[in-house]
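The next block is my_file18.cif, given as mmCIF, C-alpha atoms.
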data_data
loop_
_atom_site.label_atom_id
_atom_site.label_comp_id
_atom_site.auth_asym_id
_atom_site.auth_seq_id
_atom_site.Cartn_x
_atom_site.Cartn_y
_atom_site.Cartn_z
CA MET A 1 25.47 -29.54 46.53
CA LEU A 2 24.59 -26.00 47.59
CA ARG A 3 20.92 -25.04 47.42
CA ARG A 4 19.89 -22.69 44.58
CA CYS A 5 17.61 -20.27 46.40
CA LEU A 6 18.86 -16.67 46.08
CA GLY A 7 16.96 -14.09 44.05
CA PRO A 8 18.51 -10.92 42.57
CA VAL A 9 17.83 -8.84 45.69
CA ALA A 10 19.63 -11.34 47.92
CA VAL A 11 22.64 -11.50 45.59
CA THR A 12 22.80 -7.70 45.49
CA ALA A 13 22.55 -7.62 49.27
CA GLN A 14 25.63 -9.84 49.46
CA ALA A 15 27.63 -7.43 47.29
CA VAL A 16 26.47 -4.20 48.96
CA GLY A 17 26.63 -5.64 52.47
CA THR A 18 30.18 -6.90 52.08
CA VAL A 19 31.31 -3.53 50.71
CA GLY A 20 30.01 -1.90 53.89
CA LEU A 21 28.94 1.57 52.77
CA THR A 22 28.79 3.07 56.25
CA LEU A 23 32.29 1.86 57.09
CA THR A 24 33.70 4.18 54.48
CA ALA A 25 32.08 7.22 56.08
CA VAL A 26 33.00 6.23 59.64
CA PHE A 27 36.44 4.65 59.14
CA ASN A 28 37.86 4.92 55.64
CA ILE A 29 37.22 8.57 54.79
CA PRO A 30 38.87 9.80 58.02
CA GLU A 31 41.77 7.38 57.49
CA ALA A 32 42.29 8.50 53.88
CA MET A 33 42.03 12.15 54.92
CA ARG A 34 44.89 11.76 57.41
CA SER A 35 47.30 11.17 54.53
CA ALA A 36 45.55 12.47 51.41
CA GLY A 37 43.90 15.58 52.87
CA SER A 38 41.80 17.45 50.33
CA ALA A 39 42.88 14.96 47.65
CA THR A 40 40.72 12.26 49.28
CA TRP A 41 37.95 12.61 46.73
CA ILE A 42 40.41 12.23 43.83
CA SER A 43 41.79 9.02 45.35
CA TYR A 44 38.23 7.71 45.51
CA GLY A 45 37.56 8.83 41.94
CA LEU A 46 40.55 6.87 40.65
CA ALA A 47 39.57 3.82 42.69
CA LEU A 48 36.02 4.03 41.27
CA VAL A 49 37.36 3.99 37.70
CA VAL A 50 39.42 0.89 38.43
CA VAL A 51 36.54 -0.90 40.15
CA LEU A 52 34.11 -0.05 37.35
CA LEU A 53 36.49 -1.61 34.82
CA VAL A 54 36.98 -4.69 37.00
CA GLY A 55 33.23 -5.00 37.45
CA GLU A 56 32.66 -4.91 33.70
CA THR A 57 35.36 -7.54 33.27
CA LEU A 58 33.52 -9.83 35.68
CA VAL A 59 30.31 -9.25 33.70
CA LEU A 60 32.06 -10.61 30.59
CA PHE A 61 31.99 -14.07 32.22
CA ARG A 62 28.24 -14.07 32.92
CA LEU A 63 27.40 -16.80 30.37
CA LEU A 64 30.51 -18.92 30.88
CA PRO A 65 29.61 -22.58 31.57
CA GLY A 66 30.61 -23.46 35.09
CA SER A 67 30.65 -19.80 36.16
CA ALA A 68 29.19 -20.94 39.50
CA ASN A 69 32.80 -21.37 40.59
CA GLY A 70 32.93 -17.59 40.96
CA ILE A 71 35.99 -15.44 40.39
CA ALA A 72 38.40 -18.34 40.75
CA GLY A 73 36.46 -20.11 38.00
CA TYR A 74 36.76 -17.01 35.81
CA VAL A 75 40.54 -17.05 36.27
CA GLY A 76 40.72 -20.79 35.64
CA ALA A 77 38.73 -20.48 32.41
CA GLY A 78 41.46 -18.44 30.75
CA LEU A 79 44.63 -19.17 32.71
CA GLY A 80 44.17 -22.77 33.81
CA ALA A 81 42.93 -24.50 36.94
CA ARG A 82 46.18 -24.03 38.86
CA LEU A 83 46.03 -20.24 38.61
CA GLY A 84 42.33 -20.48 39.41
CA ALA A 85 43.29 -22.22 42.65
CA VAL A 86 45.90 -19.50 43.32
CA ALA A 87 43.16 -16.90 42.84
CA SER A 88 41.01 -18.74 45.38
CA TRP A 89 43.90 -18.67 47.86
CA ALA A 90 44.45 -14.95 47.31
CA LEU A 91 40.74 -14.36 47.87
CA LEU A 92 40.93 -16.37 51.10
CA LEU A 93 43.70 -14.06 52.31
CA GLY A 94 41.74 -10.98 51.28
CA TYR A 95 38.40 -11.98 52.78
CA GLY A 96 40.10 -13.36 55.88
CA ALA A 97 41.84 -10.03 56.50
CA THR A 98 38.58 -8.17 55.84
CA LEU A 99 36.76 -10.37 58.34
CA LEU A 100 39.45 -9.96 61.01
CA GLY A 101 39.53 -6.19 60.64
CA GLY A 102 35.73 -6.01 60.65
CA LEU A 103 35.42 -8.16 63.76
CA VAL A 104 38.05 -6.14 65.64
CA PHE A 105 36.33 -2.87 64.76
CA PHE A 106 32.97 -4.42 65.70
CA GLY A 107 34.28 -5.21 69.18
CA MET A 108 35.72 -1.72 69.54
CA PHE A 109 32.48 -0.03 68.49
CA LEU A 110 30.31 -2.28 70.61
CA GLU A 111 32.49 -1.36 73.57
CA GLN A 112 32.13 2.35 72.71
CA LEU A 113 28.36 1.98 72.52
CA ALA A 114 28.32 0.25 75.92
CA LEU A 115 30.37 3.09 77.44
CA HIS A 116 28.02 5.62 75.84
CA LEU A 117 25.13 3.88 77.62
CA GLY A 118 26.99 3.84 80.94
CA LEU A 119 27.94 0.15 80.89
CA PRO A 120 31.38 -1.15 81.94
CA ARG A 121 34.25 -1.56 79.46
CA GLN A 122 34.32 -5.15 78.13
CA ARG A 123 36.06 -5.10 74.72
CA LEU A 124 36.86 -8.82 74.50
CA LEU A 125 33.36 -9.84 75.56
CA ALA A 126 31.83 -7.42 73.06
CA TYR A 127 34.09 -8.81 70.34
CA LEU A 128 33.19 -12.44 71.08
CA LEU A 129 29.46 -11.72 71.16
CA GLY A 130 29.58 -10.05 67.77
CA ALA A 131 31.91 -12.61 66.18
CA LEU A 132 29.98 -15.68 67.31
CA GLY A 133 26.68 -14.04 66.37
CA CYS A 134 27.93 -13.43 62.82
CA LEU A 135 29.22 -16.99 62.59
CA GLU A 136 25.95 -18.54 63.69
CA LEU A 137 23.81 -16.40 61.39
CA ALA A 138 26.00 -17.15 58.36
CA ARG A 139 25.92 -20.88 59.19
CA ARG A 140 22.18 -21.25 59.54
CA ASP A 141 20.69 -19.81 56.36
CA VAL A 142 22.22 -17.96 53.43
CA GLN A 143 18.87 -16.30 52.66
CA LEU A 144 18.52 -15.10 56.24
CA SER A 145 22.08 -13.78 56.34
CA THR A 146 21.78 -11.91 53.02
CA ARG A 147 18.47 -10.35 54.09
CA THR A 148 20.04 -9.32 57.38
CA MET A 149 22.92 -7.71 55.46
CA LEU A 150 20.50 -5.77 53.26
CA VAL A 151 18.54 -4.45 56.24
CA THR A 152 21.58 -3.56 58.34
CA GLU A 153 23.36 -1.86 55.44
CA SER A 154 20.28 0.11 54.36
CA VAL A 155 19.55 1.35 57.87
CA SER A 156 23.15 2.26 58.68
CA ALA A 157 23.70 4.00 55.33
CA LEU A 158 20.54 6.08 55.80
CA ILE A 159 21.75 7.09 59.26
CA ILE A 160 25.09 8.29 57.89
CA ILE A 161 23.50 10.03 54.88
CA SER A 162 21.09 11.89 57.16
CA LEU A 163 23.82 12.86 59.57
CA THR A 164 26.12 13.96 56.75
CA ALA A 165 23.37 16.19 55.41
CA ALA A 166 22.84 17.57 58.91
CA VAL A 167 26.56 18.23 59.33
CA VAL A 168 26.68 20.08 56.01
CA TRP A 169 23.52 22.08 56.80
CA ARG A 170 24.52 23.01 60.33
CA GLY A 171 28.20 23.56 59.65
CA TRP A 172 28.23 25.38 56.35
CA GLY A 173 26.27 28.60 56.32
CA ALA A 174 28.46 29.63 53.41
CA PRO A 175 30.23 26.47 52.28
CA ASP A 176 33.92 26.63 51.50
CA LEU A 177 34.52 24.26 48.61
CA SER A 178 38.19 25.11 48.17
CA ALA A 179 39.05 21.52 49.08
CA ILE A 180 37.52 20.42 45.77
CA ASN A 181 40.40 21.78 43.71
CA PRO A 182 42.47 19.26 41.78
CA LEU A 183 45.07 21.90 40.89
CA ARG A 184 46.07 22.07 44.54
CA ASP A 185 46.39 18.33 45.03
CA THR A 186 49.68 16.53 44.51
CA GLY A 187 50.35 13.08 43.14
CA ALA A 188 51.83 11.97 46.46
CA GLU A 189 48.66 12.91 48.33
CA VAL A 190 46.46 11.09 45.84
CA ARG A 191 48.66 8.01 45.97
CA SER A 192 48.64 7.95 49.75
CA GLY A 193 44.85 7.66 49.77
CA LEU A 194 44.62 4.89 47.18
CA MET A 195 44.95 1.93 49.55
CA VAL A 196 42.03 3.07 51.69
CA ALA A 197 39.99 4.05 48.62
CA VAL A 198 40.41 0.63 47.00
CA LEU A 199 39.74 -1.03 50.34
CA SER A 200 36.39 0.77 50.53
CA PHE A 201 35.11 -1.05 47.43
CA ILE A 202 36.30 -4.54 48.39
CA GLY A 203 33.39 -6.95 48.52
CA PHE A 204 31.40 -5.89 45.44
CA GLU A 205 32.74 -8.96 43.63
CA SER A 206 31.57 -11.36 46.37
CA ALA A 207 28.25 -11.84 44.56
CA ALA A 208 30.11 -13.84 41.90
CA ASN A 209 30.85 -16.50 44.53
CA LEU A 210 27.10 -17.15 44.91
CA GLY A 211 26.69 -18.43 41.35
CA SER A 212 25.70 -21.92 42.49
CA GLU A 213 23.05 -20.50 44.85
CA ALA A 214 21.57 -17.75 42.65
CA LEU A 215 18.31 -18.53 40.84
CA GLU A 216 19.38 -16.74 37.65
CA PRO A 217 23.14 -16.23 37.97
CA GLU A 218 23.62 -14.99 34.40
CA ARG A 219 21.36 -12.01 35.19
CA ALA A 220 21.49 -11.60 38.96
CA ILE A 221 25.28 -11.51 39.32
CA PRO A 222 26.02 -8.80 36.69
CA ARG A 223 23.15 -6.68 38.04
CA SER A 224 24.36 -6.99 41.63
CA ILE A 225 27.96 -6.15 40.69
CA ARG A 226 26.96 -3.02 38.79
CA THR A 227 24.50 -1.91 41.45
CA ALA A 228 27.03 -2.31 44.26
CA VAL A 229 29.74 -0.39 42.39
CA LEU A 230 27.51 2.49 41.29
CA VAL A 231 25.75 2.91 44.65
CA ALA A 232 29.00 2.70 46.58
CA GLY A 233 30.90 4.89 44.15
CA GLY A 234 28.28 7.63 44.23
CA LEU A 235 28.20 7.77 48.02
CA PHE A 236 31.97 7.53 48.39
CA MET A 237 32.58 10.42 46.00
CA VAL A 238 30.17 12.64 47.93
CA TRP A 239 31.60 11.64 51.29
CA GLY A 240 35.18 11.97 50.01
CA ALA A 241 34.49 15.49 48.79
CA PHE A 242 32.65 16.91 51.80
CA LEU A 243 33.48 14.98 54.96
CA PRO A 244 37.23 15.85 55.01
CA GLU A 245 36.37 19.55 55.06
CA GLY A 246 34.20 19.06 58.15
CA LEU A 247 36.67 16.72 59.83
CA ALA A 248 39.40 19.34 59.40
CA TRP A 249 37.56 21.46 61.98
CA LEU A 250 38.31 18.90 64.70
CA PRO A 251 41.41 18.92 66.92
CA ALA A 252 44.08 16.43 65.83
CA ALA A 253 43.40 14.15 68.81
CA LEU A 254 39.75 13.71 67.80
CA ARG A 255 40.60 13.19 64.13
CA GLN A 256 42.93 10.33 65.11
CA GLY A 257 40.28 8.63 67.27
CA LEU A 258 38.06 5.64 66.59
CA ASP A 259 34.97 7.67 65.69
CA PRO A 260 35.79 11.18 64.43
CA LEU A 261 32.47 11.45 62.59
CA SER A 262 30.56 11.21 65.87
CA ALA A 263 32.91 13.79 67.36
CA LEU A 264 32.18 16.15 64.47
CA ALA A 265 28.42 15.73 64.79
CA ASP A 266 28.63 16.29 68.55
CA ARG A 267 30.76 19.38 68.01
CA LEU A 268 28.03 20.81 65.79
CA GLY A 269 25.45 20.17 68.52
CA ILE A 270 23.33 17.58 66.71
CA PRO A 271 21.31 15.80 69.46
CA GLY A 272 21.95 12.08 69.75
CA ALA A 273 24.21 12.02 66.69
CA GLY A 274 27.05 10.17 68.40
CA LEU A 275 24.77 7.34 69.49
CA TRP A 276 23.14 6.94 66.08
CA ILE A 277 26.49 6.89 64.27
CA LYS A 278 27.75 4.17 66.59
CA VAL A 279 24.58 2.14 66.00
CA GLY A 280 24.93 2.61 62.23
CA ALA A 281 28.58 1.55 62.27
CA LEU A 282 27.72 -1.54 64.33
CA LEU A 283 24.97 -2.57 61.92
CA CYS A 284 27.24 -2.09 58.94
CA LEU A 285 30.15 -3.98 60.54
CA PHE A 286 27.81 -6.87 61.33
CA GLY A 287 26.70 -7.06 57.69
CA THR A 288 30.26 -6.82 56.36
CA CYS A 289 31.43 -9.63 58.64
CA ILE A 290 28.54 -11.86 57.54
CA GLY A 291 29.37 -11.14 53.90
CA SER A 292 33.04 -11.98 54.38
CA LEU A 293 32.16 -15.22 56.19
CA THR A 294 29.75 -16.18 53.40
CA ALA A 295 32.41 -15.60 50.75
CA LEU A 296 35.11 -17.43 52.72
CA ALA A 297 32.92 -20.49 53.16
CA ARG A 298 32.10 -20.67 49.44
CA LEU A 299 35.78 -20.40 48.54
CA LEU A 300 36.77 -23.23 50.88
CA PHE A 301 33.85 -25.29 49.59
CA GLY A 302 35.09 -24.82 46.01
CA LEU A 303 38.68 -25.74 46.87
CA ALA A 304 37.44 -28.88 48.64
CA GLU A 305 35.43 -29.85 45.56
CA GLN A 306 38.67 -29.54 43.55
CA ARG A 307 40.38 -31.78 46.14
CA LEU A 308 42.85 -29.07 47.08
CA LEU A 309 41.44 -29.17 50.61
CA PRO A 310 39.93 -32.09 52.61
CA ALA A 311 36.74 -33.43 51.06
CA ALA A 312 34.87 -32.99 54.34
CA LEU A 313 34.82 -29.23 53.70
CA ALA A 314 32.61 -29.83 50.63
CA ARG A 315 29.73 -31.13 52.74
CA VAL A 316 26.62 -29.02 53.22
CA HIS A 317 24.40 -28.78 56.25
CA PRO A 318 21.50 -31.27 55.86
CA ARG A 319 18.94 -28.75 57.09
CA PHE A 320 20.22 -25.31 56.09
CA GLY A 321 21.90 -26.25 52.80
CA THR A 322 24.94 -24.10 53.66
CA PRO A 323 28.64 -25.12 53.61
CA SER A 324 28.66 -25.12 57.40
CA ARG A 325 31.85 -27.17 57.81
CA ALA A 326 33.80 -24.86 55.54
CA LEU A 327 32.36 -21.86 57.33
CA LEU A 328 33.30 -23.10 60.80
CA THR A 329 36.74 -24.21 59.59
CA ALA A 330 37.45 -20.70 58.29
CA GLY A 331 35.51 -18.73 60.87
CA LEU A 332 36.54 -20.21 64.22
CA PRO A 333 40.33 -19.79 63.79
CA LEU A 334 39.79 -16.23 62.59
CA VAL A 335 37.60 -15.48 65.60
CA VAL A 336 40.39 -16.75 67.87
CA GLY A 337 42.97 -14.73 65.95
CA GLY A 338 40.83 -11.64 66.22
CA ALA A 339 40.52 -12.14 69.98
CA LEU A 340 44.33 -12.07 70.22
CA VAL A 341 44.41 -8.85 68.18
CA VAL A 342 41.79 -7.26 70.43
CA GLN A 343 43.92 -8.10 73.48
CA ARG A 344 46.93 -6.34 71.93
CA ASP A 345 45.06 -3.03 71.79
CA LEU A 346 46.31 -1.96 68.35
CA THR A 347 45.77 1.58 67.10
CA ILE A 348 43.46 2.44 64.19
CA ASN A 349 46.45 3.04 61.89
CA GLN A 350 47.99 -0.30 62.81
CA ILE A 351 44.75 -2.16 62.09
CA PHE A 352 44.42 -0.47 58.71
CA GLY A 353 48.07 -1.05 57.82
CA LEU A 354 47.94 -4.77 58.64
CA PHE A 355 44.50 -5.98 57.59
CA GLY A 356 43.89 -3.33 54.94
CA GLY A 357 47.19 -4.06 53.24
CA PHE A 358 46.47 -7.80 53.11
CA THR A 359 43.04 -7.18 51.66
CA VAL A 360 44.16 -4.74 48.97
CA LEU A 361 47.08 -6.91 47.83
CA GLY A 362 44.93 -10.03 47.64
CA PHE A 363 42.17 -8.43 45.65
CA LEU A 364 44.37 -6.42 43.28
CA LEU A 365 46.13 -9.69 42.40
CA VAL A 366 42.82 -11.44 41.73
CA TYR A 367 41.41 -8.51 39.76
CA GLY A 368 44.52 -8.55 37.56
CA LEU A 369 44.25 -12.29 36.98
CA VAL A 370 40.57 -11.97 36.00
CA ALA A 371 41.40 -9.21 33.52
CA LEU A 372 44.22 -11.28 32.03
CA SER A 373 41.94 -14.31 31.80
CA SER A 374 39.34 -12.31 29.86
CA LEU A 375 41.95 -11.65 27.17
CA ARG A 376 42.78 -15.34 26.70
CA VAL A 377 39.41 -17.08 26.47
CA SER A 378 36.40 -16.71 24.16
CA LEU A 379 33.41 -15.68 26.26
CA PRO A 380 29.87 -16.18 24.91
CA GLY A 381 27.63 -13.14 24.72
CA ASN A 382 30.51 -10.72 24.01
CA THR A 383 32.27 -9.56 20.87
CA ARG A 384 36.00 -10.13 20.75
CA LEU A 385 36.54 -6.38 20.49
CA ARG A 386 34.58 -5.73 23.69
CA GLN A 387 36.53 -8.39 25.52
CA LEU A 388 39.84 -6.90 24.42
CA LEU A 389 38.88 -3.32 25.24
CA VAL A 390 37.38 -4.06 28.65
CA GLY A 391 39.97 -6.63 29.68
CA ALA A 392 42.96 -4.57 28.55
CA ALA A 393 41.64 -1.41 30.20
CA ALA A 394 41.00 -3.27 33.47
CA LEU A 395 44.43 -4.92 33.43
CA THR A 396 46.14 -1.58 32.80
CA ALA A 397 44.16 0.17 35.53
CA VAL A 398 44.73 -2.57 38.12
CA SER A 399 48.46 -2.75 37.31
CA ALA A 400 48.81 1.02 37.67
CA MET A 401 46.93 0.93 40.97
CA ALA A 402 49.12 -1.90 42.28
CA VAL A 403 52.34 -0.09 41.32
CA ALA A 404 51.12 3.13 42.94
CA TYR A 405 50.21 1.32 46.15
CA LEU A 406 53.37 -0.77 46.36
CA SER A 407 55.62 2.21 45.70
CA GLY A 408 54.22 3.83 48.83
CA ALA A 409 54.05 0.65 50.95
CA ILE A 410 57.62 -0.58 50.39
CA GLY A 411 59.77 0.66 53.23
CA GLN A 412 56.79 1.42 55.45
CA GLN A 413 54.95 -1.90 55.64
CA ASN A 414 57.65 -4.44 54.80
CA GLY A 415 56.47 -6.84 57.51
CA MET A 416 52.97 -6.97 56.05
CA LEU A 417 54.33 -7.35 52.49
CA LEU A 418 56.63 -10.22 53.50
CA SER A 419 53.84 -11.98 55.42
CA PHE A 420 51.45 -11.70 52.47
CA THR A 421 54.10 -12.97 50.04
CA ALA A 422 54.91 -15.97 52.25
CA LEU A 423 51.26 -16.96 52.67
CA LEU A 424 50.59 -16.52 48.95
CA LEU A 425 53.54 -18.77 48.10
CA LEU A 426 52.02 -21.50 50.29
CA GLY A 427 48.90 -21.40 48.12
CA VAL A 428 50.94 -21.44 44.92
CA LEU A 429 52.94 -24.47 46.07
CA ARG A 430 49.76 -26.29 47.09
CA ALA A 431 48.19 -25.70 43.67
CA TRP A 432 51.26 -26.87 41.77
CA ARG A 433 51.80 -29.94 43.94
CA ALA A 434 48.31 -31.28 43.26
CA PRO A 435 48.13 -31.65 39.46
CA GLN A 436 45.65 -34.50 39.66
CA ALA A 437 43.24 -32.20 41.52
CA VAL A 438 43.37 -29.23 39.24
CA GLY A 439 44.79 -30.49 36.02
#
Can you give me the file's structure in the form of structure tokens?
Amino acid sequence: MLRRCLGPVAVTAQAVGTVGLTLTAVFNIPEAMRSAGSATWISYGLALVVVLLVGETLVLFRLLPGSANGIAGYVGAGLGARLGAVASWALLLGYGATLLGGLVFFGMFLEQLALHLGLPRQRLLAYLLGALGCLELARRDVQLSTRTMLVTESVSALIIISLTAAVVWRGWGAPDLSAINPLRDTGAEVRSGLMVAVLSFIGFESAANLGSEALEPERAIPRSIRTAVLVAGGLFMVWGAFLPEGLAWLPAALRQGLDPLSALADRLGIPGAGLWIKVGALLCLFGTCIGSLTALARLLFGLAEQRLLPAALARVHPRFGTPSRALLTAGLPLVVGGALVVQRDLTINQIFGLFGGFTVLGFLLVYGLVALSSLRVSLPGNTRLRQLLVGAAALTAVSAMAVAYLSGAIGQQNGMLLSFTALLLLGVLRAWRAPQAVG
């Protein structure tokens, strides 16, 4: 059995750290801007509405007996254990893709930092050092890893906030806010930024997977979910409104690079800005990877307890009290897979298209299943009217978001869509072929 040892701060750290606030400023805002332009902030606004509704739907389950099973347990409560297992599989795909993308970016940024300091280029070595460090920290102590995530995320977010303020102050003597004009933005531009905007929020729900380790899950988990969404949403809206205007000053080659925010700060003559942004991104990537590993391990642990995976994965470390076998089983193959990706030298757009698409599809499916589940089961601590309003609104919003994303992805990312569908079907078949385990 997992050790119940996490206070509200640690649970919140899991949610905020897995979201990766700084990653949105460094990676996601520039990526969304390439397709959405000045509509970037509207894409983030729509994503925030959807995530707020999903977050409130998760809060509906706070007093549900057995809620320690996390989001998969929420789905199973209303839709049956088989669909709960399917939700777990979809989450595995989503967190696995998040971890792979985070580790690849970590290696790339660590290499950039080494070059900045005059050291030789060693991308694969940098990647392996970061990946194995994350794996070992997540394996040893869940309290240590969540505290590390809180520290790294706080420091890196403060760095980016300070540098954003400096960019605005130095760059805008008389600010031009014409980019903040919804009348000029088209539906196509907004839609094109939705995938990246939704991707920016992924991870806020990971706190729900710590129900069996939280000291007061019925209070700590709802608080952490709301805190993560509101903090992230506030920062993302500000960054989505102002950073694209500054990034538009850069030449196209710099905007398409790994670190356009550093290039912008350097262009404005801010001393040491490039180095600090790289350090902030590294800290944030480290925290995000730890959060994804923590969530993956808990999902595998839960599936093993349901006998959908080998029982050995449900064993905990005798000293650390963590699901170390599940963590190593999930983490080591992904580390190897990430090493192969690093060797292929993919572009930023290719990394986003592959791993980002997997993540968004997996989580939109799970969010929809949770919303549907909330409409089918009586949940203590809520009126039936509140359940219906929140659940129906969340289901409608998630469905609309999924349709908008898929309408733009079909024809452009068919390989990713087919791969995701095939892997998801494997999980569905496994759940339905093991009725004695989930029935």
Checklist line | Picked residues, the PyMOL selection byres ((chain A and resi 20) around 9), as an MDAnalysis selection string | finding: chainID A and resid 15:19 21:24 153 157 200:203 232 284:285 287:288
Could you name the residues that touch Ile160 in chain A at 8 Å or less, counting only C-alpha atoms, but leaving out those on the same chain fewer than 2 positions away, as a PDB file with C-alpha atoms, in the frame of the given file?
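This is the output file out.pdb:
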ATOM      1  CA  THR A  22      28.790   3.070  56.250  1.00  0.00           C
ATOM      2  CA  ALA A  25      32.080   7.220  56.080  1.00  0.00           C
ATOM      3  CA  SER A 156      23.150   2.260  58.680  1.00  0.00           C
ATOM      4  CA  ALA A 157      23.700   4.000  55.330  1.00  0.00           C
ATOM      5  CA  LEU A 158      20.540   6.080  55.800  1.00  0.00           C
ATOM      6  CA  SER A 162      21.090  11.890  57.160  1.00  0.00           C
ATOM      7  CA  LEU A 163      23.820  12.860  59.570  1.00  0.00           C
ATOM      8  CA  THR A 164      26.120  13.960  56.750  1.00  0.00           C
ATOM      9  CA  ILE A 277      26.490   6.890  64.270  1.00  0.00           C
ATOM     10  CA  GLY A 280      24.930   2.610  62.230  1.00  0.00           C
TER      11      GLY A 280
END
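Shell of Ala87 in chain A at 8 Å, with only C-alpha atoms counted and residues fewer than 4 places along the chain excluded, is A:Ile71, A:Ala72, A:Val75, A:Leu83, A:Leu91, A:Leu365, A:Val366, A:Leu369.
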Check: Taking the file as shown, what set of residues would the PyMOL selection byres ((chain A and resi 63) around 12) give back, as a list of chain:residue names?
Finding: A:Leu58, A:Val59, A:Leu60, A:Phe61, A:Arg62, A:Leu64, A:Pro65, A:Gly66, A:Ser67, A:Ala68, A:Gly70, A:Tyr74, A:Gly211, A:Glu216, A:Pro217, A:Glu218, A:Arg219, A:Ala220, A:Ile221, A:Pro222, A:Ser378, A:Leu379, A:Pro380, A:Gly381, A:Asn382
Within 12 Å of range 93-98 of chain A: each range 103-137 of chain A residue with its shortest pair, all atoms listed in the file, as a Markdown table:
| residue | atom | partner | partner_atom | distance |
| --- | --- | --- | --- | --- |
| A:Leu103 | CA | A:Thr98 | CA | 8.5 |
| A:Val104 | CA | A:Thr98 | CA | 10.0 |
| A:Phe105 | CA | A:Thr98 | CA | 10.6 |
| A:Phe106 | CA | A:Thr98 | CA | 11.9 |
